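One file, start_27.cif, carrying mmCIF, C-alpha atoms:
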```cif
data_data
loop_
_atom_site.group_PDB
_atom_site.id
_atom_site.type_symbol
_atom_site.label_atom_id
_atom_site.label_comp_id
_atom_site.auth_asym_id
_atom_site.auth_seq_id
_atom_site.Cartn_x
_atom_site.Cartn_y
_atom_site.Cartn_z
ATOM 1 C CA MET A 1 15.469 -5.679 -14.858
ATOM 2 C CA VAL A 2 14.408 -2.055 -14.432
ATOM 3 C CA ASP A 3 14.453 -0.319 -11.059
ATOM 4 C CA ALA A 4 11.197 1.628 -11.025
ATOM 5 C CA VAL A 5 11.601 1.752 -7.270
ATOM 6 C CA VAL A 6 14.676 0.900 -5.231
ATOM 7 C CA PRO A 7 13.326 -0.818 -2.123
ATOM 8 C CA GLU A 8 15.088 0.177 1.080
ATOM 9 C CA ARG A 9 12.493 -1.096 3.482
ATOM 10 C CA GLU A 10 13.116 -1.942 7.100
ATOM 11 C CA TYR A 11 10.339 -4.184 8.317
ATOM 12 C CA MET A 12 10.361 -3.422 12.019
ATOM 13 C CA PRO A 13 9.386 -6.363 14.262
ATOM 14 C CA GLU A 14 6.046 -6.377 16.025
ATOM 15 C CA PRO A 15 6.521 -4.601 19.369
ATOM 16 C CA SER A 16 5.974 -6.383 22.667
ATOM 17 C CA VAL A 17 4.578 -3.199 24.238
ATOM 18 C CA GLY A 18 2.477 -0.308 22.976
ATOM 19 C CA ARG A 19 -0.582 -0.146 20.805
ATOM 20 C CA ARG A 20 -1.277 -2.952 18.376
ATOM 21 C CA PHE A 21 -4.581 -3.484 16.607
ATOM 22 C CA SER A 22 -5.827 -6.745 15.117
ATOM 23 C CA MET A 23 -8.706 -7.547 12.775
ATOM 24 C CA LEU A 24 -9.917 -10.629 10.968
ATOM 25 C CA SER A 25 -10.132 -10.864 7.207
ATOM 26 C CA LYS A 26 -10.760 -13.496 4.568
ATOM 27 C CA VAL A 27 -9.752 -14.106 0.975
ATOM 28 C CA ARG A 28 -13.130 -13.884 -0.675
ATOM 29 C CA LEU A 29 -14.252 -14.659 -4.209
ATOM 30 C CA SER A 30 -13.971 -11.032 -5.356
ATOM 31 C CA ASP A 31 -10.284 -10.868 -4.334
ATOM 32 C CA ALA A 32 -9.072 -14.207 -5.715
ATOM 33 C CA LEU A 33 -7.409 -14.959 -9.045
ATOM 34 C CA PRO A 34 -8.516 -17.826 -11.305
ATOM 35 C CA SER A 35 -5.554 -19.674 -9.765
ATOM 36 C CA SER A 36 -7.203 -19.133 -6.310
ATOM 37 C CA TYR A 37 -4.315 -16.960 -5.086
ATOM 38 C CA TRP A 38 -5.077 -13.697 -3.254
ATOM 39 C CA ARG A 39 -4.874 -10.815 -5.719
ATOM 40 C CA LEU A 40 -2.359 -8.038 -5.030
ATOM 41 C CA ASP A 41 -5.038 -5.346 -4.911
ATOM 42 C CA GLY A 42 -6.920 -7.536 -2.429
ATOM 43 C CA VAL A 43 -3.870 -7.468 -0.152
ATOM 44 C CA ALA A 44 -3.689 -3.671 -0.486
ATOM 45 C CA ARG A 45 -7.389 -3.360 0.334
ATOM 46 C CA ALA A 46 -7.013 -5.480 3.481
ATOM 47 C CA LEU A 47 -4.035 -3.375 4.615
ATOM 48 C CA GLN A 48 -6.049 -0.204 4.048
ATOM 49 C CA ASP A 49 -9.011 -1.630 5.974
ATOM 50 C CA ALA A 50 -6.798 -2.567 8.942
ATOM 51 C CA ALA A 51 -5.320 0.953 9.008
ATOM 52 C CA THR A 52 -8.803 2.504 8.863
ATOM 53 C CA GLU A 53 -10.177 0.271 11.611
ATOM 54 C CA ASP A 54 -7.224 1.033 13.869
ATOM 55 C CA TRP A 55 -7.568 4.791 13.314
ATOM 56 C CA ASP A 56 -11.319 4.669 13.978
ATOM 57 C CA ASP A 57 -10.719 2.677 17.161
ATOM 58 C CA CYS A 58 -7.839 4.704 18.635
ATOM 59 C CA GLY A 59 -10.065 7.502 19.970
ATOM 60 C CA ILE A 60 -8.484 10.504 18.209
ATOM 61 C CA VAL A 61 -11.208 12.922 17.084
ATOM 62 C CA THR A 62 -10.246 14.677 13.834
ATOM 63 C CA ASP A 63 -11.549 15.255 10.331
ATOM 64 C CA ALA A 64 -8.165 14.256 8.849
ATOM 65 C CA LEU A 65 -7.984 11.548 6.225
ATOM 66 C CA TRP A 66 -4.925 9.442 5.479
ATOM 67 C CA LEU A 67 -3.332 9.125 2.034
ATOM 68 C CA ALA A 68 -0.774 6.469 1.143
ATOM 69 C CA ARG A 69 2.642 7.778 0.059
ATOM 70 C CA ARG A 70 4.114 4.319 -0.408
ATOM 71 C CA THR A 71 3.143 0.735 0.341
ATOM 72 C CA SER A 72 5.457 -2.264 0.365
ATOM 73 C CA PHE A 73 4.959 -5.865 1.310
ATOM 74 C CA ARG A 74 6.881 -9.098 1.118
ATOM 75 C CA ALA A 75 5.951 -12.744 1.396
ATOM 76 C CA VAL A 76 7.464 -14.618 4.318
ATOM 77 C CA GLY A 77 5.226 -17.693 4.150
ATOM 78 C CA PRO A 78 2.834 -19.498 1.779
ATOM 79 C CA TRP A 79 0.728 -17.054 -0.235
ATOM 80 C CA PRO A 80 -2.950 -17.003 0.891
ATOM 81 C CA VAL A 81 -5.607 -18.542 -1.331
ATOM 82 C CA ILE A 82 -9.362 -18.235 -1.593
ATOM 83 C CA TYR A 83 -11.330 -18.731 1.657
ATOM 84 C CA ASP A 84 -8.234 -18.569 3.859
ATOM 85 C CA SER A 85 -9.088 -16.877 7.155
ATOM 86 C CA LEU A 86 -6.496 -14.263 8.040
ATOM 87 C CA ASN A 87 -5.558 -12.095 11.000
ATOM 88 C CA LEU A 88 -3.981 -8.673 10.435
ATOM 89 C CA THR A 89 -2.028 -7.010 13.237
ATOM 90 C CA THR A 90 -1.028 -3.397 12.630
ATOM 91 C CA PHE A 91 1.051 -0.887 14.602
ATOM 92 C CA CYS A 92 2.924 2.391 14.176
ATOM 93 C CA SER A 93 6.623 1.783 13.464
ATOM 94 C CA GLY A 94 7.871 5.349 13.005
ATOM 95 C CA VAL A 95 6.881 8.961 12.525
ATOM 96 C CA GLY A 96 7.905 12.248 10.920
ATOM 97 C CA ALA A 97 6.644 15.808 11.195
ATOM 98 C CA ALA A 98 3.492 15.169 9.187
ATOM 99 C CA TRP A 99 3.506 11.487 8.315
ATOM 100 C CA ALA A 100 3.626 8.076 9.969
ATOM 101 C CA GLU A 101 4.838 4.625 9.037
ATOM 102 C CA ARG A 102 2.500 1.729 9.651
ATOM 103 C CA ARG A 103 3.594 -1.884 9.807
ATOM 104 C CA THR A 104 1.118 -4.714 9.326
ATOM 105 C CA ASN A 105 1.642 -8.436 9.732
ATOM 106 C CA ILE A 106 -0.750 -10.858 8.057
ATOM 107 C CA TYR A 107 -1.153 -14.256 9.676
ATOM 108 C CA ASN A 108 -2.762 -17.373 8.244
ATOM 109 C CA GLY A 109 -3.543 -19.329 11.377
ATOM 110 C CA ASP A 110 -0.390 -19.141 13.490
ATOM 111 C CA ASP A 111 1.878 -18.558 10.485
ATOM 112 C CA LEU A 112 3.125 -15.095 9.506
ATOM 113 C CA VAL A 113 2.737 -15.021 5.722
ATOM 114 C CA ILE A 114 3.028 -11.341 4.651
ATOM 115 C CA GLU A 115 4.823 -8.337 6.154
ATOM 116 C CA ALA A 116 3.769 -4.868 5.009
ATOM 117 C CA SER A 117 5.104 -1.360 5.537
ATOM 118 C CA SER A 118 3.228 1.791 4.495
ATOM 119 C CA LEU A 119 3.903 5.504 4.750
ATOM 120 C CA TRP A 120 0.716 7.511 5.334
ATOM 121 C CA VAL A 121 0.175 11.286 5.275
ATOM 122 C CA PRO A 122 -2.788 12.907 7.076
ATOM 123 C CA VAL A 123 -4.715 15.469 5.004
ATOM 124 C CA ASP A 124 -7.710 17.714 5.630
ATOM 125 C CA PRO A 125 -10.991 17.182 3.697
ATOM 126 C CA ARG A 126 -9.639 19.380 0.873
ATOM 127 C CA GLY A 127 -6.589 17.154 0.513
ATOM 128 C CA PHE A 128 -3.972 19.430 2.116
ATOM 129 C CA PRO A 129 -1.409 17.856 4.501
ATOM 130 C CA VAL A 130 -1.809 18.507 8.230
ATOM 131 C CA ARG A 131 0.498 17.872 11.184
ATOM 132 C CA LEU A 132 0.029 14.920 13.473
ATOM 133 C CA PRO A 133 -1.950 15.797 16.608
ATOM 134 C CA ALA A 134 -0.256 15.557 20.012
ATOM 135 C CA THR A 135 -2.622 12.753 20.961
ATOM 136 C CA PHE A 136 -1.131 10.642 18.154
ATOM 137 C CA HIS A 137 2.166 10.430 20.028
ATOM 138 C CA GLU A 138 0.381 9.663 23.282
ATOM 139 C CA ILE A 139 -1.406 6.686 21.735
ATOM 140 C CA TYR A 140 1.175 5.336 19.283
ATOM 141 C CA GLY A 141 4.433 6.564 20.795
ATOM 142 C CA VAL A 142 5.346 3.464 22.797
ATOM 143 C CA SER A 143 5.014 1.068 19.861
ATOM 144 C CA MET A 144 7.254 3.158 17.590
ATOM 145 C CA ASN A 145 9.917 3.561 20.314
ATOM 146 C CA GLY A 146 11.100 6.995 19.134
ATOM 147 C CA ARG A 147 11.885 5.832 15.578
ATOM 148 C CA ARG A 148 11.906 8.620 12.967
ATOM 149 C CA VAL A 149 11.196 7.970 9.306
ATOM 150 C CA SER A 150 11.691 10.077 6.193
ATOM 151 C CA SER A 151 8.921 10.901 3.726
ATOM 152 C CA ARG A 152 11.338 10.992 0.802
ATOM 153 C CA VAL A 153 10.732 8.446 -1.927
ATOM 154 C CA PRO A 154 12.893 7.645 -4.973
ATOM 155 C CA MET A 155 11.799 9.005 -8.340
ATOM 156 C CA SER A 156 12.057 7.108 -11.613
ATOM 157 C CA THR A 157 11.257 7.640 -15.272
ATOM 158 C CA PRO A 158 10.141 4.864 -17.629
ATOM 159 C CA PRO A 159 12.594 4.149 -20.452
ATOM 160 C CA GLU A 160 11.669 4.742 -24.089
ATOM 161 C CA GLU A 161 11.425 1.026 -24.856
ATOM 162 C CA ALA A 162 8.697 0.453 -22.243
ATOM 163 C CA THR A 163 5.241 -0.672 -23.375
ATOM 164 C CA ARG A 164 2.507 1.973 -23.112
ATOM 165 C CA ARG A 165 -1.273 1.735 -23.125
ATOM 166 C CA PRO A 166 -4.228 3.747 -21.808
ATOM 167 C CA TRP A 167 -5.452 3.018 -18.279
ATOM 168 C CA PRO A 168 -9.148 4.024 -18.184
ATOM 169 C CA LEU A 169 -10.496 5.323 -14.876
ATOM 170 C CA ARG A 170 -13.882 4.378 -13.425
ATOM 171 C CA ARG A 171 -16.014 6.324 -10.982
ATOM 172 C CA ALA A 172 -15.824 3.292 -8.679
ATOM 173 C CA ASP A 173 -12.062 3.928 -8.398
ATOM 174 C CA LEU A 174 -12.509 7.329 -6.691
ATOM 175 C CA ASP A 175 -12.425 8.018 -2.962
ATOM 176 C CA VAL A 176 -14.117 10.757 -0.940
ATOM 177 C CA ILE A 177 -11.624 13.474 -1.931
ATOM 178 C CA GLY A 178 -11.780 12.659 -5.638
ATOM 179 C CA HIS A 179 -8.508 10.734 -5.873
ATOM 180 C CA VAL A 180 -8.175 7.253 -7.284
ATOM 181 C CA ASN A 181 -8.117 5.133 -4.142
ATOM 182 C CA ASN A 182 -4.866 3.472 -3.094
ATOM 183 C CA ALA A 183 -6.359 -0.021 -3.478
ATOM 184 C CA ALA A 184 -7.723 0.891 -6.931
ATOM 185 C CA VAL A 185 -4.218 1.957 -8.008
ATOM 186 C CA TRP A 186 -3.075 -1.532 -7.062
ATOM 187 C CA GLN A 187 -5.451 -2.923 -9.695
ATOM 188 C CA ALA A 188 -2.963 -1.623 -12.261
ATOM 189 C CA VAL A 189 -0.277 -3.736 -10.593
ATOM 190 C CA ALA A 190 -2.610 -6.739 -10.539
ATOM 191 C CA GLU A 191 -3.279 -6.181 -14.247
ATOM 192 C CA VAL A 192 0.387 -6.739 -15.005
ATOM 193 C CA VAL A 193 1.517 -9.222 -12.313
ATOM 194 C CA ASP A 194 -0.257 -12.148 -10.695
ATOM 195 C CA ALA A 195 0.303 -13.363 -7.154
ATOM 196 C CA PRO A 196 2.219 -14.931 -5.530
ATOM 197 C CA VAL A 197 5.200 -12.574 -5.504
ATOM 198 C CA VAL A 198 8.292 -12.176 -3.356
ATOM 199 C CA SER A 199 7.811 -8.443 -2.782
ATOM 200 C CA VAL A 200 6.080 -5.350 -4.150
ATOM 201 C CA ASP A 201 6.778 -1.617 -3.766
ATOM 202 C CA VAL A 202 4.259 1.017 -4.879
ATOM 203 C CA ILE A 203 5.094 4.720 -4.568
ATOM 204 C CA HIS A 204 2.626 7.577 -5.062
ATOM 205 C CA HIS A 205 4.322 10.671 -6.482
ATOM 206 C CA GLY A 206 1.071 12.543 -7.028
ATOM 207 C CA PRO A 207 -2.673 11.990 -7.171
ATOM 208 C CA VAL A 208 -4.562 10.347 -9.998
ATOM 209 C CA GLU A 209 -7.927 12.089 -10.212
ATOM 210 C CA GLU A 210 -11.236 11.990 -12.026
ATOM 211 C CA GLY A 211 -10.878 13.252 -15.587
ATOM 212 C CA HIS A 212 -7.187 12.383 -15.865
ATOM 213 C CA ARG A 213 -6.061 10.554 -18.989
ATOM 214 C CA VAL A 214 -3.819 7.895 -17.497
ATOM 215 C CA GLU A 215 -1.154 5.865 -19.277
ATOM 216 C CA LEU A 216 0.036 2.506 -17.953
ATOM 217 C CA VAL A 217 3.707 1.935 -18.768
ATOM 218 C CA THR A 218 5.395 -1.416 -18.173
ATOM 219 C CA LEU A 219 8.817 -2.954 -18.643
ATOM 220 C CA GLY A 220 9.816 -6.223 -17.038
ATOM 221 C CA GLU A 221 8.931 -6.167 -13.354
ATOM 222 C CA ALA A 222 8.418 -2.393 -13.282
ATOM 223 C CA LEU A 223 5.388 -0.267 -14.050
ATOM 224 C CA TRP A 224 4.347 3.375 -13.945
ATOM 225 C CA LEU A 225 1.101 5.342 -14.156
ATOM 226 C CA LEU A 226 1.553 8.616 -16.056
ATOM 227 C CA VAL A 227 -0.731 11.647 -16.358
ATOM 228 C CA ASP A 228 0.206 14.029 -19.193
ATOM 229 C CA GLY A 229 3.638 12.415 -19.291
ATOM 230 C CA ALA A 230 4.333 12.922 -15.559
ATOM 231 C CA VAL A 231 4.868 9.918 -13.278
ATOM 232 C CA ARG A 232 2.134 9.729 -10.644
ATOM 233 C CA VAL A 233 2.717 6.133 -9.494
ATOM 234 C CA ALA A 234 5.746 3.855 -9.765
ATOM 235 C CA ALA A 235 5.933 0.203 -8.813
ATOM 236 C CA ARG A 236 8.416 -2.613 -8.799
ATOM 237 C CA VAL A 237 7.654 -6.280 -8.267
ATOM 238 C CA VAL A 238 10.001 -9.134 -7.437
ATOM 239 C CA LEU A 239 8.449 -12.286 -8.835
ATOM 240 C CA ASP A 240 8.417 -15.662 -7.176
ATOM 241 C CA PRO A 241 10.980 -17.737 -9.136
ATOM 242 C CA ALA A 242 8.948 -20.863 -8.394
ATOM 243 C CA GLY A 243 5.907 -19.443 -10.195
ATOM 244 C CA ASP A 244 5.022 -17.643 -13.395
ATOM 245 C CA ALA A 245 3.293 -14.516 -12.147
ATOM 246 C CA GLY A 246 4.169 -12.060 -14.895
ATOM 247 C CA ARG A 247 1.691 -11.293 -17.673
#
```
Output the file's structure as structure tokens, nothing else.
Amino acid sequence: MVDAVVPEREYMPEPSVGRRFSMLSKVRLSDALPSSYWRLDGVARALQDAATEDWDDCGIVTDALWLARRTSFRAVGPWPVIYDSLNLTTFCSGVGAAWAERRTNIYNGDDLVIEASSLWVPVDPRGFPVRLPATFHEIYGVSMNGRRVSSRVPMSTPPEEATRRPWPLRRADLDVIGHVNNAAVWQAVAEVVDAPVVSVDVIHHGPVEEGHRVELVTLGEALWLLVDGAVRVAARVVLDPAGDAGR
């Protein structure tokens, strides 16, 4: 087993007070595997949608966009399958000088099935980091209860014996600032590993952008996306021992 990422995640419990935002979702045909399980990039897309909906609803007026620094989730119940109706509840679980941690719980009916934790960095339309506005603390402060989080993430380098292949980019992968979207990056993970899984960690060390020649590197349960030999994304998956999710 290769440690592309060393998970040290603390999945904070859902607060009883403070801001929480909920939205409905569904495992649709475009996000399901041939086995009917919810694809990993489908999970990432739902988490991103919940974060976007919460930010749009909170009332803060800004031109800042949010970029994912890391995203982790773990299964705590049966993995969702096609046409399952889901409820996502998201809240702020910690903050730093210019970043915030977001926790999201995914429920299937009354059952909590997936817990997620993401570190997001606000950037201006040119992609440069900006500080959190004072109103952020006014709206989200109670739910995070003064918890501070670090933006540091572990770095890793793929070993020589890892398998390497090109990872072609598509224009459909790009977001409004020209980066490969967070959910599109997760398609690389879904290319290597099927759901269900026990846990997944994806860390963004730098942007993947239009025109980049990207290399997908894999070894065991670890994978990396490289641009000109430099690691831009690292991921580690813990497979469900009851299944056969690796490919």
Q: I would like the residues chosen by the PyMOL selection byres ((chain A and resi 101) around 8) on the shown file; could you give them as a ChimeraX atom specification?
A: /A:92-95,99-100,102-103,117-120,149
Evaluate the PyMOL selection byres ((chain A and resi 130-135) around 9) here and jot the selected residues down as a PDB file with C-alpha atoms, in the coordinates of the input.
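The new file expr.pdb reads:
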```pdb
ATOM      1  CA  ILE A  60      -8.484  10.504  18.209  1.00  0.00           C
ATOM      2  CA  THR A  62     -10.246  14.677  13.834  1.00  0.00           C
ATOM      3  CA  ALA A  64      -8.165  14.256   8.849  1.00  0.00           C
ATOM      4  CA  GLY A  96       7.905  12.248  10.920  1.00  0.00           C
ATOM      5  CA  ALA A  97       6.644  15.808  11.195  1.00  0.00           C
ATOM      6  CA  ALA A  98       3.492  15.169   9.187  1.00  0.00           C
ATOM      7  CA  TRP A  99       3.506  11.487   8.315  1.00  0.00           C
ATOM      8  CA  ALA A 100       3.626   8.076   9.969  1.00  0.00           C
ATOM      9  CA  VAL A 121       0.175  11.286   5.275  1.00  0.00           C
ATOM     10  CA  PRO A 122      -2.788  12.907   7.076  1.00  0.00           C
ATOM     11  CA  VAL A 123      -4.715  15.469   5.004  1.00  0.00           C
ATOM     12  CA  ASP A 124      -7.710  17.714   5.630  1.00  0.00           C
ATOM     13  CA  PHE A 128      -3.972  19.430   2.116  1.00  0.00           C
ATOM     14  CA  PRO A 129      -1.409  17.856   4.501  1.00  0.00           C
ATOM     15  CA  PHE A 136      -1.131  10.642  18.154  1.00  0.00           C
ATOM     16  CA  HIS A 137       2.166  10.430  20.028  1.00  0.00           C
ATOM     17  CA  GLU A 138       0.381   9.663  23.282  1.00  0.00           C
ATOM     18  CA  ILE A 139      -1.406   6.686  21.735  1.00  0.00           C
ATOM     19  CA  TYR A 140       1.175   5.336  19.283  1.00  0.00           C
TER      20      TYR A 140
END
```
Q. Pick from A:Val76, A:Leu33, A:Ile177, A:Ala195: nearest to Asp111 of chain A, with only C-alpha atoms counted?
A. A:Val76
Please identify every residue of segment 69-95 of chain A that has at least one atom no farther than 12 Å from an atom of segment 232-242 of chain A, counting all atoms listed in the file, and for each give the shortest atom pair and the distance in Å to one decimal, arranged by chain then increasing number, as JSON lines.
```
{"residue": "A:Arg69", "atom": "CA", "partner": "A:Val233", "partner_atom": "CA", "distance": 9.7}
{"residue": "A:Arg70", "atom": "CA", "partner": "A:Val233", "partner_atom": "CA", "distance": 9.4}
{"residue": "A:Thr71", "atom": "CA", "partner": "A:Ala235", "partner_atom": "CA", "distance": 9.6}
{"residue": "A:Ser72", "atom": "CA", "partner": "A:Ala235", "partner_atom": "CA", "distance": 9.5}
{"residue": "A:Phe73", "atom": "CA", "partner": "A:Val237", "partner_atom": "CA", "distance": 10.0}
{"residue": "A:Arg74", "atom": "CA", "partner": "A:Val238", "partner_atom": "CA", "distance": 9.1}
{"residue": "A:Ala75", "atom": "CA", "partner": "A:Asp240", "partner_atom": "CA", "distance": 9.4}
{"residue": "A:Val76", "atom": "CA", "partner": "A:Asp240", "partner_atom": "CA", "distance": 11.6}
{"residue": "A:Gly77", "atom": "CA", "partner": "A:Asp240", "partner_atom": "CA", "distance": 11.9}
{"residue": "A:Pro78", "atom": "CA", "partner": "A:Asp240", "partner_atom": "CA", "distance": 11.2}
{"residue": "A:Trp79", "atom": "CA", "partner": "A:Asp240", "partner_atom": "CA", "distance": 10.5}
```
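Around the coordinate (-9.0, 10.3, -8.2), residues that reach within 8 Å when counting only C-alpha atoms are Asp173, Leu174, Asp175, Ile177, Gly178, His179, Val180, Asn181, Pro207, Val208, Glu209 and Glu210 of chain A.
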Q | Nearest residue to Ala68 of chain A from the set A:Ala162, A:Ser151, A:Ala172, A:Ser30 (distances using only C-alpha atoms) | A |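 Ranked by minimum distance to Ala68 of chain A, first place goes to A:Ser151.
Among the candidates A:Asp54, A:Glu115, A:Asp49, A:Glu14, the one nearest to Ser143 of chain A when counting all atoms listed in the file is A:Glu14.
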Evaluate the PyMOL selection byres ((chain A and resi 47) around 9) against this structure - the residues, as a short mmCIF file (atom, residue, chain, number, x, y, z; two decimals) with C-alpha atoms, in the coordinates of the input, please.
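New file part00.cif:
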```
data_model
loop_
_atom_site.label_atom_id
_atom_site.label_comp_id
_atom_site.auth_asym_id
_atom_site.auth_seq_id
_atom_site.Cartn_x
_atom_site.Cartn_y
_atom_site.Cartn_z
CA GLY A 42 -6.92 -7.54 -2.43
CA VAL A 43 -3.87 -7.47 -0.15
CA ALA A 44 -3.69 -3.67 -0.49
CA ARG A 45 -7.39 -3.36 0.33
CA ALA A 46 -7.01 -5.48 3.48
CA GLN A 48 -6.05 -0.20 4.05
CA ASP A 49 -9.01 -1.63 5.97
CA ALA A 50 -6.80 -2.57 8.94
CA ALA A 51 -5.32 0.95 9.01
CA THR A 52 -8.80 2.50 8.86
CA LEU A 88 -3.98 -8.67 10.44
CA THR A 90 -1.03 -3.40 12.63
CA THR A 104 1.12 -4.71 9.33
CA ILE A 106 -0.75 -10.86 8.06
CA ALA A 116 3.77 -4.87 5.01
CA SER A 118 3.23 1.79 4.50
#
```
Q. Taking into account only C-alpha atoms, which residue in the set A:Asp84, A:Asp110, A:Glu10, A:Asp41 is nearest to Gln187 of chain A?
A. A:Asp41
Q.
Quick one: residues within 10 Å of Pro15 of chain A, all atoms listed in the file, excluding same-chain residues fewer than 2 positions away - as a PyMOL selection string?
A. chain A and resi 12-13+17-20+91-93+142-145
**Q.** Straight-line distance linking atom CA of Asp194 of chain A with atom CA of His212 of chain A, stated in Å to one decimal
**A.** 26.0 Å
Q) Which is closer to Ala222 of chain A than all the others in A:Pro158, A:Val27, A:Thr89, A:Val198, using all atoms listed in the file? A)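 Between A:Pro158, A:Val27, A:Thr89, A:Val198, the residue approaching Ala222 of chain A most closely is A:Pro158.
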Q | Gap from atom CA of Leu67 of chain A to atom CA of Arg165 of chain A - Å, one decimal | A |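 Atom CA of Leu67 of chain A sits 26.3 Å away from atom CA of Arg165 of chain A.
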Q: Find the residue from A:Trp66, A:Trp186, A:Trp55, A:Tyr83 that sits nearest to Gly127 of chain A; use only C-alpha atoms when measuring.
A: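 Closest candidate: A:Trp66.
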Q: Give me, please, the distance in Å between atom CA of Val192 of chain A and atom CA of Thr218 of chain A, quoted to one decimal.
A: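 Distance between the two atoms: 8.0 Å.
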Q. Quick one: residues within 7 Å of Val217 of chain A, all atoms listed in the file counted, chain neighbours fewer than 3 positions away excluded, as a list in words?
A. Ala162, Thr163, Arg164, Arg165, Leu223, Trp224 and Leu225 of chain A
Q. For the point (-10.1, -12.2, 6.1) in file coordinates, what residues are within 6 Å, counting all atoms listed in the file? Give the answer as a VMD selection string?
A. chain A and resid 24 to 27 85 to 86
Q. Which neighbours of Tyr107 of chain A fall inside 6 Å, counting only C-alpha atoms, when residues of the same chain fewer than 5 positions from it are skipped, and could you give them as a ChimeraX atom specification?
A. /A:86-87,112-113
Q: Might you pull out every residue within 9 Å of Ala32 of chain A, with only C-alpha atoms counted and same-chain residues fewer than 4 positions away left off, and present them as a list in words?
A: Val27, Arg28, Ser36, Tyr37, Trp38, Arg39, Gly42, Val81, Ile82 and Tyr83 of chain A
